[in-house]
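Structure file entry.txt; described as compact mmCIF, C-alpha atoms.
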# COMPACT_ATOMS: atom_id res chain seq x y z
CA MET A 1 73.75 -1.22 26.40
CA ILE A 2 70.85 -0.90 23.95
CA VAL A 3 69.29 -4.13 22.71
CA LEU A 4 67.95 -4.18 19.15
CA TYR A 5 65.51 -6.89 18.16
CA ASP A 6 66.40 -7.41 14.53
CA LEU A 7 64.60 -9.49 11.91
CA ALA A 8 66.68 -12.46 10.75
CA GLY A 9 66.47 -14.94 7.88
CA ALA A 10 67.43 -18.60 7.68
CA ASP A 11 71.15 -18.24 8.34
CA GLY A 12 70.71 -15.32 10.70
CA ARG A 13 71.16 -12.75 7.97
CA ARG A 14 69.64 -9.35 8.69
CA PHE A 15 67.54 -8.23 5.74
CA SER A 16 64.77 -5.98 7.12
CA PRO A 17 64.78 -2.45 5.64
CA HIS A 18 63.19 -1.04 8.79
CA CYS A 19 65.73 -2.70 11.06
CA TRP A 20 68.60 -1.41 8.90
CA ARG A 21 67.29 2.12 9.43
CA THR A 22 67.69 1.61 13.16
CA ARG A 23 71.10 -0.13 12.99
CA MET A 24 72.50 2.73 10.97
CA ALA A 25 70.91 5.28 13.32
CA LEU A 26 72.48 3.59 16.35
CA ALA A 27 75.86 3.55 14.62
CA HIS A 28 75.41 7.20 13.56
CA LYS A 29 74.91 8.15 17.21
CA GLY A 30 77.97 6.13 18.17
CA LEU A 31 75.92 4.04 20.59
CA LYS A 32 76.84 0.62 21.85
CA TYR A 33 74.19 -1.95 21.10
CA THR A 34 73.68 -5.66 20.78
CA THR A 35 71.22 -7.32 18.42
CA VAL A 36 68.85 -10.19 19.08
CA PRO A 37 67.85 -12.03 15.91
CA VAL A 38 64.12 -12.69 15.70
CA ARG A 39 61.92 -14.36 13.14
CA PHE A 40 58.56 -12.97 11.99
CA THR A 41 56.77 -15.66 13.96
CA GLU A 42 58.69 -14.82 17.15
CA ILE A 43 57.89 -11.10 17.24
CA SER A 44 55.00 -11.54 19.69
CA THR A 45 57.40 -13.09 22.23
CA ILE A 46 59.98 -10.30 22.41
CA ALA A 47 60.40 -7.58 25.03
CA ASP A 48 57.00 -6.87 26.66
CA GLU A 49 55.23 -9.35 24.34
CA LYS A 50 53.12 -6.48 23.00
CA GLN A 51 55.15 -5.76 19.86
CA LYS A 52 53.68 -6.30 16.42
CA ALA A 53 56.72 -5.51 14.29
CA VAL A 54 60.47 -4.98 14.43
CA PRO A 55 62.68 -3.07 14.97
CA VAL A 56 62.16 -2.81 18.71
CA ILE A 57 64.81 -1.49 21.06
CA GLU A 58 65.24 -1.80 24.78
CA ASP A 59 67.19 0.98 26.40
CA GLY A 60 67.58 0.76 30.18
CA GLY A 61 64.16 -0.82 30.60
CA ARG A 62 62.46 1.49 28.11
CA ILE A 63 60.93 -0.37 25.15
CA VAL A 64 60.43 1.50 21.87
CA GLY A 65 59.02 0.00 18.68
CA ASP A 66 58.68 1.41 15.13
CA SER A 67 61.72 2.73 13.32
CA TRP A 68 60.50 6.33 13.14
CA ALA A 69 59.63 6.37 16.85
CA ILE A 70 63.05 4.88 17.62
CA ALA A 71 64.83 7.51 15.53
CA ASN A 72 62.95 10.26 17.35
CA PHE A 73 63.65 8.63 20.72
CA LEU A 74 67.37 8.45 19.96
CA GLU A 75 67.39 12.08 18.80
CA GLU A 76 65.65 13.24 21.98
CA THR A 77 67.72 11.20 24.40
CA ARG A 78 71.06 11.69 22.58
CA PRO A 79 70.86 15.03 20.76
CA ASP A 80 74.53 14.93 19.72
CA ARG A 81 75.25 13.86 16.13
CA SER A 82 71.80 14.83 14.90
CA LEU A 83 69.99 12.34 12.70
CA PHE A 84 67.85 14.99 11.03
CA GLY A 85 69.78 18.23 10.80
CA GLY A 86 67.33 20.49 12.60
CA ALA A 87 63.60 21.21 12.50
CA SER A 88 63.36 21.55 8.73
CA GLY A 89 65.41 18.38 8.33
CA HIS A 90 63.01 16.49 10.59
CA ALA A 91 59.93 17.47 8.57
CA LEU A 92 61.65 16.86 5.24
CA THR A 93 62.96 13.48 6.39
CA LEU A 94 59.41 12.46 7.24
CA PHE A 95 58.32 13.48 3.75
CA ALA A 96 61.14 11.45 2.22
CA GLN A 97 60.28 8.49 4.46
CA SER A 98 56.73 8.52 3.21
CA TRP A 99 57.89 8.37 -0.41
CA ILE A 100 60.53 5.76 0.41
CA THR A 101 58.06 3.49 2.22
CA ASP A 102 55.20 3.93 -0.27
CA VAL A 103 57.01 4.04 -3.59
CA LEU A 104 60.53 2.70 -3.16
CA HIS A 105 59.67 -0.25 -0.89
CA ARG A 106 56.78 -1.18 -3.12
CA GLY A 107 59.04 -1.08 -6.17
CA VAL A 108 61.69 -3.21 -4.47
CA VAL A 109 59.32 -5.82 -3.12
CA GLU A 110 57.69 -6.40 -6.49
CA LEU A 111 61.11 -7.39 -7.83
CA VAL A 112 62.34 -9.68 -5.03
CA LEU A 113 59.33 -10.88 -3.04
CA LEU A 114 59.91 -14.57 -3.78
CA ASP A 115 63.63 -14.22 -3.07
CA ILE A 116 62.82 -12.70 0.33
CA HIS A 117 60.61 -15.70 1.06
CA ASP A 118 63.25 -18.19 -0.06
CA GLN A 119 65.89 -16.91 2.39
CA LEU A 120 63.54 -16.98 5.39
CA ASP A 121 63.82 -19.38 8.27
CA GLU A 122 61.61 -22.42 7.58
CA ARG A 123 59.38 -21.47 10.53
CA ASP A 124 58.52 -18.14 8.85
CA LYS A 125 57.79 -19.28 5.32
CA ALA A 126 54.14 -20.27 5.68
CA TYR A 127 53.28 -17.08 7.58
CA PHE A 128 55.10 -14.91 5.06
CA ARG A 129 53.55 -16.57 2.02
CA ALA A 130 50.01 -16.38 3.41
CA SER A 131 50.21 -12.76 4.61
CA ARG A 132 51.95 -11.42 1.48
CA GLU A 133 49.76 -13.32 -0.96
CA ARG A 134 46.73 -11.88 0.83
CA ARG A 135 48.20 -8.36 0.61
CA PHE A 136 49.08 -8.63 -3.10
CA GLY A 137 46.15 -10.81 -4.16
CA ARG A 138 48.61 -12.96 -6.13
CA THR A 139 51.14 -15.71 -5.46
CA LEU A 140 54.69 -14.73 -4.55
CA GLU A 141 55.77 -16.28 -7.82
CA ASP A 142 53.33 -14.13 -9.79
CA VAL A 143 54.42 -10.95 -8.04
CA GLN A 144 58.08 -11.54 -8.89
CA ALA A 145 57.47 -12.90 -12.42
CA GLY A 146 58.73 -10.85 -15.35
CA ARG A 147 61.06 -8.73 -13.24
CA GLU A 148 63.71 -8.52 -15.96
CA THR A 149 61.25 -6.59 -18.11
CA ARG A 150 60.02 -4.48 -15.18
CA VAL A 151 63.35 -3.43 -13.71
CA PRO A 152 63.89 -0.55 -16.19
CA ASP A 153 60.69 1.10 -14.93
CA PHE A 154 61.87 0.61 -11.35
CA ARG A 155 65.17 2.28 -12.15
CA LYS A 156 63.32 5.16 -13.76
CA SER A 157 61.19 5.58 -10.63
CA LEU A 158 64.36 6.37 -8.67
CA GLN A 159 64.87 9.61 -10.58
CA PRO A 160 64.12 11.79 -7.51
CA LEU A 161 67.06 10.12 -5.74
CA ARG A 162 69.36 10.44 -8.73
CA GLN A 163 68.60 14.12 -9.09
CA VAL A 164 69.73 14.82 -5.52
CA LEU A 165 72.92 12.78 -5.97
CA SER A 166 73.78 14.71 -9.12
CA VAL A 167 74.56 17.71 -6.91
CA GLU A 168 74.90 16.35 -3.36
CA GLN A 169 77.24 13.82 -1.78
CA TRP A 170 74.56 12.49 0.58
CA PHE A 171 70.79 12.86 0.84
CA GLY A 172 71.58 14.69 4.07
CA GLY A 173 73.83 17.12 2.17
CA ASN A 174 77.48 17.23 3.25
CA SER A 175 77.27 14.19 5.50
CA PRO A 176 74.95 11.18 5.85
CA LEU A 177 71.81 11.66 7.92
CA TYR A 178 68.81 9.52 8.76
CA VAL A 179 67.33 10.13 5.30
CA ASP A 180 70.35 8.33 3.86
CA TYR A 181 69.64 5.35 6.12
CA LEU A 182 66.02 5.30 4.94
CA VAL A 183 67.12 4.87 1.35
CA PHE A 184 69.96 2.59 2.40
CA GLY A 185 67.57 0.25 4.21
CA ALA A 186 65.37 0.01 1.13
CA LEU A 187 68.33 -1.11 -0.99
CA GLN A 188 70.18 -3.18 1.62
CA TRP A 189 67.02 -5.29 1.90
CA PRO A 190 67.27 -6.73 -1.67
CA ARG A 191 71.07 -6.80 -1.46
CA VAL A 192 70.90 -9.15 1.53
CA ALA A 193 67.83 -11.16 0.50
CA SER A 194 68.37 -11.55 -3.24
CA ARG A 195 70.99 -11.71 -5.97
CA PHE A 196 68.86 -9.88 -8.51
CA PRO A 197 70.65 -6.66 -9.56
CA LEU A 198 68.26 -3.76 -8.94
CA LEU A 199 70.61 -0.97 -10.00
CA ALA A 200 72.78 -0.54 -13.07
CA GLU A 201 76.46 -0.46 -12.10
CA ASP A 202 76.97 3.04 -13.49
CA ASP A 203 73.97 4.46 -11.61
CA PRO A 204 74.97 7.32 -9.25
CA ILE A 205 72.70 5.65 -6.69
CA ALA A 206 74.95 2.58 -6.82
CA ASN A 207 77.98 4.77 -6.07
CA TRP A 208 76.23 6.40 -3.13
CA PHE A 209 75.09 2.96 -1.90
CA ALA A 210 78.67 1.69 -1.95
CA ARG A 211 79.67 4.67 0.20
CA CYS A 212 76.88 3.75 2.63
CA LEU A 213 78.17 0.18 2.82
CA ASP A 214 81.53 1.59 3.93
CA LEU A 215 80.08 3.69 6.76
CA PHE A 216 80.71 2.73 10.38
CA GLY A 217 83.54 0.32 9.61
CA GLY A 218 81.63 -1.43 6.83
CA LEU A 219 78.60 -2.26 8.98
CA GLY A 220 76.32 -2.76 5.99
CA ARG A 221 78.91 -4.44 3.79
CA GLN A 222 79.65 -7.11 6.40
CA ALA A 223 76.01 -8.25 6.49
CA VAL A 224 76.68 -10.45 3.47
CA PRO A 225 80.45 -10.62 3.08
CA SER A 226 80.31 -12.44 -0.22
CA ARG A 227 78.44 -9.74 -2.15
CA MET B 228 64.78 46.44 -7.22
CA ILE B 229 64.53 42.88 -8.53
CA VAL B 230 62.46 42.32 -11.68
CA LEU B 231 60.57 39.04 -11.97
CA TYR B 232 59.35 37.95 -15.39
CA ASP B 233 56.19 36.11 -14.49
CA LEU B 234 53.95 34.01 -16.73
CA ALA B 235 50.51 35.58 -17.23
CA GLY B 236 47.17 34.41 -18.60
CA ALA B 237 44.49 36.27 -20.54
CA ASP B 238 43.55 38.79 -17.86
CA GLY B 239 47.06 39.05 -16.50
CA ARG B 240 46.50 36.38 -13.87
CA ARG B 241 49.64 34.69 -12.62
CA PHE B 242 49.21 30.92 -12.73
CA SER B 243 52.66 29.37 -13.26
CA PRO B 244 53.70 26.97 -10.47
CA HIS B 245 57.38 27.68 -11.12
CA CYS B 246 56.86 31.44 -10.98
CA TRP B 247 54.92 31.11 -7.72
CA ARG B 248 57.90 29.35 -6.19
CA THR B 249 59.99 32.42 -6.97
CA ARG B 250 57.39 34.98 -5.85
CA MET B 251 57.09 33.26 -2.49
CA ALA B 252 60.88 33.00 -2.19
CA LEU B 253 61.27 36.72 -2.87
CA ALA B 254 58.61 37.50 -0.27
CA HIS B 255 60.21 35.07 2.21
CA LYS B 256 63.49 36.97 1.88
CA GLY B 257 61.64 40.25 2.36
CA LEU B 258 62.94 41.57 -0.95
CA LYS B 259 61.39 44.34 -2.98
CA TYR B 260 60.52 43.24 -6.49
CA THR B 261 58.36 44.15 -9.42
CA THR B 262 56.85 41.68 -11.85
CA VAL B 263 56.62 41.86 -15.62
CA PRO B 264 53.80 39.73 -17.04
CA VAL B 265 54.87 37.64 -20.01
CA ARG B 266 53.07 35.18 -22.24
CA PHE B 267 54.56 31.84 -23.35
CA THR B 268 55.11 33.23 -26.82
CA GLU B 269 56.96 36.28 -25.48
CA ILE B 270 59.55 34.43 -23.40
CA SER B 271 62.22 34.61 -26.11
CA THR B 272 62.01 38.42 -26.07
CA ILE B 273 62.65 39.02 -22.36
CA ALA B 274 65.85 40.06 -20.59
CA ASP B 275 68.86 38.94 -22.68
CA GLU B 276 66.57 37.20 -25.23
CA LYS B 277 68.26 33.89 -24.39
CA GLN B 278 65.67 32.59 -21.93
CA LYS B 279 63.63 29.49 -22.72
CA ALA B 280 61.31 29.48 -19.69
CA VAL B 281 60.12 31.59 -16.80
CA PRO B 282 60.65 32.52 -14.03
CA VAL B 283 63.57 34.75 -14.87
CA ILE B 284 64.82 37.48 -12.54
CA GLU B 285 67.00 40.49 -13.13
CA ASP B 286 68.91 41.71 -10.12
CA GLY B 287 71.20 44.69 -10.69
CA GLY B 288 72.05 43.60 -14.23
CA ARG B 289 72.40 39.92 -13.29
CA ILE B 290 69.94 37.64 -15.14
CA VAL B 291 69.02 34.31 -13.56
CA GLY B 292 66.57 31.79 -15.01
CA ASP B 293 65.11 28.53 -13.60
CA SER B 294 63.32 28.55 -10.27
CA TRP B 295 65.85 26.30 -8.50
CA ALA B 296 68.79 28.38 -9.74
CA ILE B 297 66.97 31.53 -8.61
CA ALA B 298 66.30 30.08 -5.14
CA ASN B 299 69.99 29.19 -4.79
CA PHE B 300 71.03 32.61 -6.10
CA LEU B 301 68.80 34.34 -3.56
CA GLU B 302 70.12 32.13 -0.76
CA GLU B 303 73.73 32.90 -1.70
CA THR B 304 73.29 36.62 -2.16
CA ARG B 305 70.88 37.12 0.80
CA PRO B 306 71.71 34.43 3.36
CA ASP B 307 69.35 35.89 5.99
CA ARG B 308 65.96 34.19 6.36
CA SER B 309 67.18 30.90 4.91
CA LEU B 310 64.99 29.26 2.29
CA PHE B 311 66.33 25.77 3.01
CA GLY B 312 67.23 25.47 6.68
CA GLY B 313 70.86 24.43 6.28
CA ALA B 314 72.83 21.89 4.25
CA SER B 315 70.54 18.95 5.00
CA GLY B 316 67.50 21.09 4.23
CA HIS B 317 68.98 22.03 0.87
CA ALA B 318 69.50 18.42 -0.20
CA LEU B 319 66.13 17.29 1.14
CA THR B 320 64.37 20.20 -0.55
CA LEU B 321 65.88 19.12 -3.86
CA PHE B 322 64.56 15.61 -3.25
CA ALA B 323 61.11 16.97 -2.48
CA GLN B 324 61.26 19.21 -5.57
CA SER B 325 61.96 16.22 -7.76
CA TRP B 326 58.90 14.40 -6.41
CA ILE B 327 56.78 17.55 -6.62
CA THR B 328 57.75 18.25 -10.22
CA ASP B 329 57.53 14.65 -11.43
CA VAL B 330 54.55 13.32 -9.51
CA LEU B 331 52.54 16.22 -8.14
CA HIS B 332 52.74 18.48 -11.22
CA ARG B 333 51.92 15.55 -13.46
CA GLY B 334 48.90 14.68 -11.30
CA VAL B 335 47.67 18.28 -11.31
CA VAL B 336 48.08 18.86 -15.01
CA GLU B 337 46.13 15.74 -15.94
CA LEU B 338 43.16 17.20 -14.06
CA VAL B 339 43.22 20.79 -15.36
CA LEU B 340 45.17 20.89 -18.62
CA LEU B 341 42.26 22.13 -20.71
CA ASP B 342 41.33 24.71 -18.05
CA ILE B 343 44.90 26.04 -18.14
CA HIS B 344 44.59 26.41 -21.90
CA ASP B 345 41.23 28.15 -21.69
CA GLN B 346 42.51 30.94 -19.43
CA LEU B 347 45.54 31.70 -21.60
CA ASP B 348 45.99 34.83 -23.63
CA GLU B 349 44.69 34.23 -27.18
CA ARG B 350 48.23 34.61 -28.55
CA ASP B 351 49.40 31.62 -26.46
CA LYS B 352 46.63 29.15 -27.13
CA ALA B 353 47.87 27.64 -30.40
CA TYR B 354 51.41 27.22 -29.05
CA PHE B 355 50.16 25.67 -25.81
CA ARG B 356 47.80 23.25 -27.52
CA ALA B 357 50.39 22.07 -30.04
CA SER B 358 53.22 21.63 -27.52
CA ARG B 359 51.12 19.93 -24.83
CA GLU B 360 49.29 17.65 -27.24
CA ARG B 361 52.67 16.56 -28.60
CA ARG B 362 53.94 15.92 -25.08
CA PHE B 363 50.88 13.91 -23.99
CA GLY B 364 50.15 12.26 -27.33
CA ARG B 365 46.47 13.17 -26.85
CA THR B 366 44.22 16.20 -27.21
CA LEU B 367 43.87 18.57 -24.25
CA GLU B 368 40.25 17.48 -24.04
CA ASP B 369 41.24 13.81 -23.81
CA VAL B 370 43.84 14.46 -21.11
CA GLN B 371 41.34 16.26 -18.88
CA ALA B 372 38.38 13.93 -19.63
CA GLY B 373 37.05 11.80 -16.78
CA ARG B 374 38.71 13.88 -14.07
CA GLU B 375 35.83 13.42 -11.65
CA THR B 376 36.56 9.70 -11.55
CA ARG B 377 40.33 10.22 -11.44
CA VAL B 378 40.52 12.82 -8.67
CA PRO B 379 40.29 10.26 -5.81
CA ASP B 380 43.50 8.63 -7.05
CA PHE B 381 45.14 12.03 -7.25
CA ARG B 382 44.16 12.77 -3.67
CA LYS B 383 45.56 9.41 -2.58
CA SER B 384 48.85 10.19 -4.31
CA LEU B 385 49.29 13.16 -1.95
CA GLN B 386 49.67 10.85 1.05
CA PRO B 387 53.38 11.72 1.55
CA LEU B 388 52.34 15.36 2.03
CA ARG B 389 49.48 14.48 4.37
CA GLN B 390 51.73 12.36 6.52
CA VAL B 391 54.09 15.26 7.15
CA LEU B 392 51.22 17.63 7.94
CA SER B 393 49.81 15.17 10.48
CA VAL B 394 52.78 16.02 12.73
CA GLU B 395 54.24 19.26 11.36
CA GLN B 396 52.82 22.74 10.89
CA TRP B 397 54.82 23.34 7.70
CA PHE B 398 56.83 21.15 5.34
CA GLY B 399 59.79 23.18 6.59
CA GLY B 400 58.94 22.23 10.20
CA ASN B 401 58.18 25.10 12.57
CA SER B 402 58.01 27.75 9.86
CA PRO B 403 57.48 27.79 6.10
CA LEU B 404 60.52 27.22 3.92
CA TYR B 405 61.14 26.88 0.21
CA VAL B 406 59.77 23.33 0.26
CA ASP B 407 56.42 24.79 1.29
CA TYR B 408 56.53 27.13 -1.70
CA LEU B 409 57.25 24.19 -4.01
CA VAL B 410 54.06 22.46 -2.91
CA PHE B 411 52.22 25.77 -2.79
CA GLY B 412 53.11 26.55 -6.40
CA ALA B 413 51.82 23.16 -7.52
CA LEU B 414 48.42 23.86 -5.92
CA GLN B 415 48.20 27.60 -6.60
CA TRP B 416 48.50 26.77 -10.30
CA PRO B 417 45.11 24.95 -10.52
CA ARG B 418 43.56 27.37 -8.01
CA VAL B 419 44.31 30.29 -10.34
CA ALA B 420 43.76 28.54 -13.66
CA SER B 421 40.74 26.34 -12.90
CA ARG B 422 37.63 26.03 -10.75
CA PHE B 423 37.91 22.27 -10.42
CA PRO B 424 38.31 21.34 -6.72
CA LEU B 425 41.46 19.23 -6.42
CA LEU B 426 41.37 18.77 -2.64
CA ALA B 427 38.59 17.71 -0.30
CA GLU B 428 37.71 20.53 2.09
CA ASP B 429 38.62 18.50 5.17
CA ASP B 430 42.02 17.50 3.79
CA PRO B 431 44.86 18.67 6.08
CA ILE B 432 46.63 19.77 2.89
CA ALA B 433 43.76 22.20 2.26
CA ASN B 434 44.25 23.68 5.74
CA TRP B 435 47.97 24.08 5.17
CA PHE B 436 47.28 25.61 1.73
CA ALA B 437 44.94 28.18 3.29
CA ARG B 438 47.75 29.14 5.70
CA CYS B 439 50.07 29.56 2.72
CA LEU B 440 47.55 31.86 1.01
CA ASP B 441 47.69 34.08 4.11
CA LEU B 442 51.48 34.39 4.12
CA PHE B 443 53.12 37.70 3.22
CA GLY B 444 49.98 39.75 3.57
CA GLY B 445 47.87 37.36 1.52
CA LEU B 446 50.15 37.41 -1.52
CA GLY B 447 48.80 34.14 -2.88
CA ARG B 448 45.18 34.78 -1.95
CA GLN B 449 45.10 38.10 -3.80
CA ALA B 450 46.07 36.47 -7.11
CA VAL B 451 42.40 35.59 -7.69
CA PRO B 452 40.39 37.64 -5.20
CA SER B 453 37.14 35.92 -6.01
CA ARG B 454 38.19 32.40 -4.95
Rewrite the structure from the file as structure tokens, please.
Amino acid sequence: MIVLYDLAGADGRRFSPHCWRTRMALAHKGLKYTTVPVRFTEISTIADEKQKAVPVIEDGGRIVGDSWAIANFLEETRPDRSLFGGASGHALTLFAQSWITDVLHRGVVELVLLDIHDQLDERDKAYFRASRERRFGRTLEDVQAGRETRVPDFRKSLQPLRQVLSVEQWFGGNSPLYVDYLVFGALQWPRVASRFPLLAEDDPIANWFARCLDLFGGLGRQAVPSR
Amino acid sequence: MIVLYDLAGADGRRFSPHCWRTRMALAHKGLKYTTVPVRFTEISTIADEKQKAVPVIEDGGRIVGDSWAIANFLEETRPDRSLFGGASGHALTLFAQSWITDVLHRGVVELVLLDIHDQLDERDKAYFRASRERRFGRTLEDVQAGRETRVPDFRKSLQPLRQVLSVEQWFGGNSPLYVDYLVFGALQWPRVASRFPLLAEDDPIANWFARCLDLFGGLGRQAVPSR
């Protein structure tokens, strides 16, 4: 059985966008897996003790880190139920991932960075605050401040997603593919770590996200049963 | 034979990014076509006199406008040599198109807007200046001013493209697809209309663009033989 090392917050909740990509990919492939919750400050102790980030998977002794490398590894070793939808899908998914990681993640984190901190395990909080405040050049509080006035611009920045959903059921077309899990991870992250509403209720992206939460027996929905 | 109404500048040069999408798509499908050069101020007189923008094609009496509608029409009526690479490719191409039109086109036009104006047919210049200055809320000169200092940020904004080309030959994967022509159109536009260098010579995007110029017997390269 595959082991997934999965970032966890204070009460064990799984909030990492990159780890959600992998969880959904494993479920998409119909693979059996177990997860090991890890904190930021424990990452150097997992698997071969050479890992710098999660997700990491162990599969029959093979250790693979980085969500994109894991997705490619799963596609190569289990070609059934493709994650990408062929060669063009693979290239286009990489393009989408670049936008999602650069633009969408950045937009999300600027709205909920302090909330992410607040739900961390106590052992992680000092590390998280120091590393993120160095990256942003501001306090966590300053980064998150004024989000109510900034959220309309964030919603506007999602127009490329909305345009696809105006004609397609999934970002993968007729059925969900890895590109859906990329966007899902980006939005599951604030859903799990924060109560700040990032999307308007009547946004087509919110409808698509609800469908994602229902996939694989409600895998995503069960992460925080109360929301 | 298909007729393509194609935007033309002063000396007949074809600079429209949207029209280049369609030219490349027609060539990709191996279809015979002829082009009719039109100026902005002539668009209302073409085909059924109901068109508001180019490209427009006529195919055996059928009139289709809008580059995305044309691409879909071609794919439906000539399914061989797919432009999208399947259902997932279609959805992902639409996502890429949204980014390309919103972000890439915007970035390009802010660097070469005055140059585009200057190569227009005299009859188009007043219309172009008035409509674009209204859209930007500034003069053409002001929009283009300071481009030497702004071009590094533009180049940085192309990182999603560069990331794909670091592992893929084409945005469509193993062979060029419509998504390649979307990016091509965005860069052929300033190549034809301006002499301002948008890309560094050692940029992988420049290498990919040169390969695009060679496609279909050098269709794109021949548009401005001197460059």
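Excluding A:Cys19 itself and any same-chain residue fewer than 4 positions from it, the protein and nucleic acid residues within 9 Å of it, counting all atoms listed in the file, are Leu4, Tyr5, Asp6, Leu7, Arg14, Phe15, Arg23, Met24, Val54, Pro55, Val56, Ser67 and Gly185 of chain A.
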Within 8 Å of chain A, which residues of chain B show up? Give each one with its shortest atom-to-atom distance in Å (one decimal) and the two atoms involved, counting all atoms listed in the file, rows by chain then rising residue number, as a tab-separated table.
residue	atom	partner	partner_atom	distance
B:Phe311	CA	A:Ser88	CA	7.7
B:Gly312	CA	A:Ser88	CA	5.9
B:Gly313	CA	A:Gly85	CA	7.7
B:Ala314	CA	A:Gly173	CA	5.3
B:Ser315	CA	A:Gly172	CA	4.5
B:Gly316	CA	A:Gly89	CA	5.3
B:His317	CA	A:Gly173	CA	7.0
B:Ala318	CA	A:Gly173	CA	5.1
B:Leu319	CA	A:Leu92	CA	6.1
B:Thr320	CA	A:Leu92	CA	7.2
B:Leu321	CA	A:Val164	CA	6.0
B:Phe322	CA	A:Val164	CA	5.7
B:Ala323	CA	A:Ala96	CA	7.2
B:Ser325	CA	A:Pro160	CA	4.9
B:Trp326	CA	A:Pro160	CA	5.9
B:Gln386	CA	A:Ser98	CA	7.7
B:Pro387	CA	A:Ser98	CA	4.9
B:Leu388	CA	A:Phe95	CA	6.5
B:Gln390	CA	A:Ser98	CA	7.1
B:Val391	CA	A:Phe95	CA	5.7
B:Glu395	CA	A:Ala91	CA	6.6
B:Trp397	CA	A:Ala91	CA	7.8
B:Phe398	CA	A:Ala91	CA	5.8
B:Gly399	CA	A:Ser88	CA	4.5
B:Gly400	CA	A:Ser88	CA	4.7
B:Asn401	CA	A:Ala87	CA	6.7
B:Leu404	CA	A:Ser88	CA	8.0
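Atom CA of A:Val109 is positioned 10.9 Å from atom CA of A:Leu198.
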- Item | Distance of atom CA of A:Glu42 from atom CA of A:Gly65, expressed in Å to one decimal place |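 Distance reported for this atom pair: 14.9 Å.
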- Please measure the separation of atom CA of B:Pro417 and atom CA of B:Phe300, giving the value in Å to one decimal. 27.4 Å
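Remark: for B:Val419, the closest of the candidate residues B:Leu440, B:Ile343, B:Asp275, B:Asp348 is B:Ile343 (distances computed over only C-alpha atoms).
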- Task: May I have the protein, DNA and RNA residues with an atom at most 6 Å from (53.9, -14.7, 12.0), counting only C-alpha atoms in the file's coordinates, returned as a list in words?
- Result: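 Those within range, by chain then number, are Phe40, Thr41 and Tyr127 of chain A.
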Please check which residues have atoms at most 12 Å from (40.9, 11.4, -5.2) in the file's coordinates, counting only C-alpha atoms, and write them as an mmCIF file with C-alpha atoms, in the coordinates of the input.
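Contents of result-v4.cif, freshly written:
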data_model
loop_
_atom_site.group_PDB
_atom_site.id
_atom_site.type_symbol
_atom_site.label_atom_id
_atom_site.label_comp_id
_atom_site.auth_asym_id
_atom_site.auth_seq_id
_atom_site.Cartn_x
_atom_site.Cartn_y
_atom_site.Cartn_z
ATOM 1 C CA GLY B 334 48.900 14.680 -11.300
ATOM 2 C CA VAL B 335 47.670 18.280 -11.310
ATOM 3 C CA LEU B 338 43.160 17.200 -14.060
ATOM 4 C CA ARG B 374 38.710 13.880 -14.070
ATOM 5 C CA GLU B 375 35.830 13.420 -11.650
ATOM 6 C CA THR B 376 36.560 9.700 -11.550
ATOM 7 C CA ARG B 377 40.330 10.220 -11.440
ATOM 8 C CA VAL B 378 40.520 12.820 -8.670
ATOM 9 C CA PRO B 379 40.290 10.260 -5.810
ATOM 10 C CA ASP B 380 43.500 8.630 -7.050
ATOM 11 C CA PHE B 381 45.140 12.030 -7.250
ATOM 12 C CA ARG B 382 44.160 12.770 -3.670
ATOM 13 C CA LYS B 383 45.560 9.410 -2.580
ATOM 14 C CA SER B 384 48.850 10.190 -4.310
ATOM 15 C CA LEU B 385 49.290 13.160 -1.950
ATOM 16 C CA GLN B 386 49.670 10.850 1.050
ATOM 17 C CA PRO B 424 38.310 21.340 -6.720
ATOM 18 C CA LEU B 425 41.460 19.230 -6.420
ATOM 19 C CA LEU B 426 41.370 18.770 -2.640
ATOM 20 C CA ALA B 427 38.590 17.710 -0.300
ATOM 21 C CA ASP B 430 42.020 17.500 3.790
#
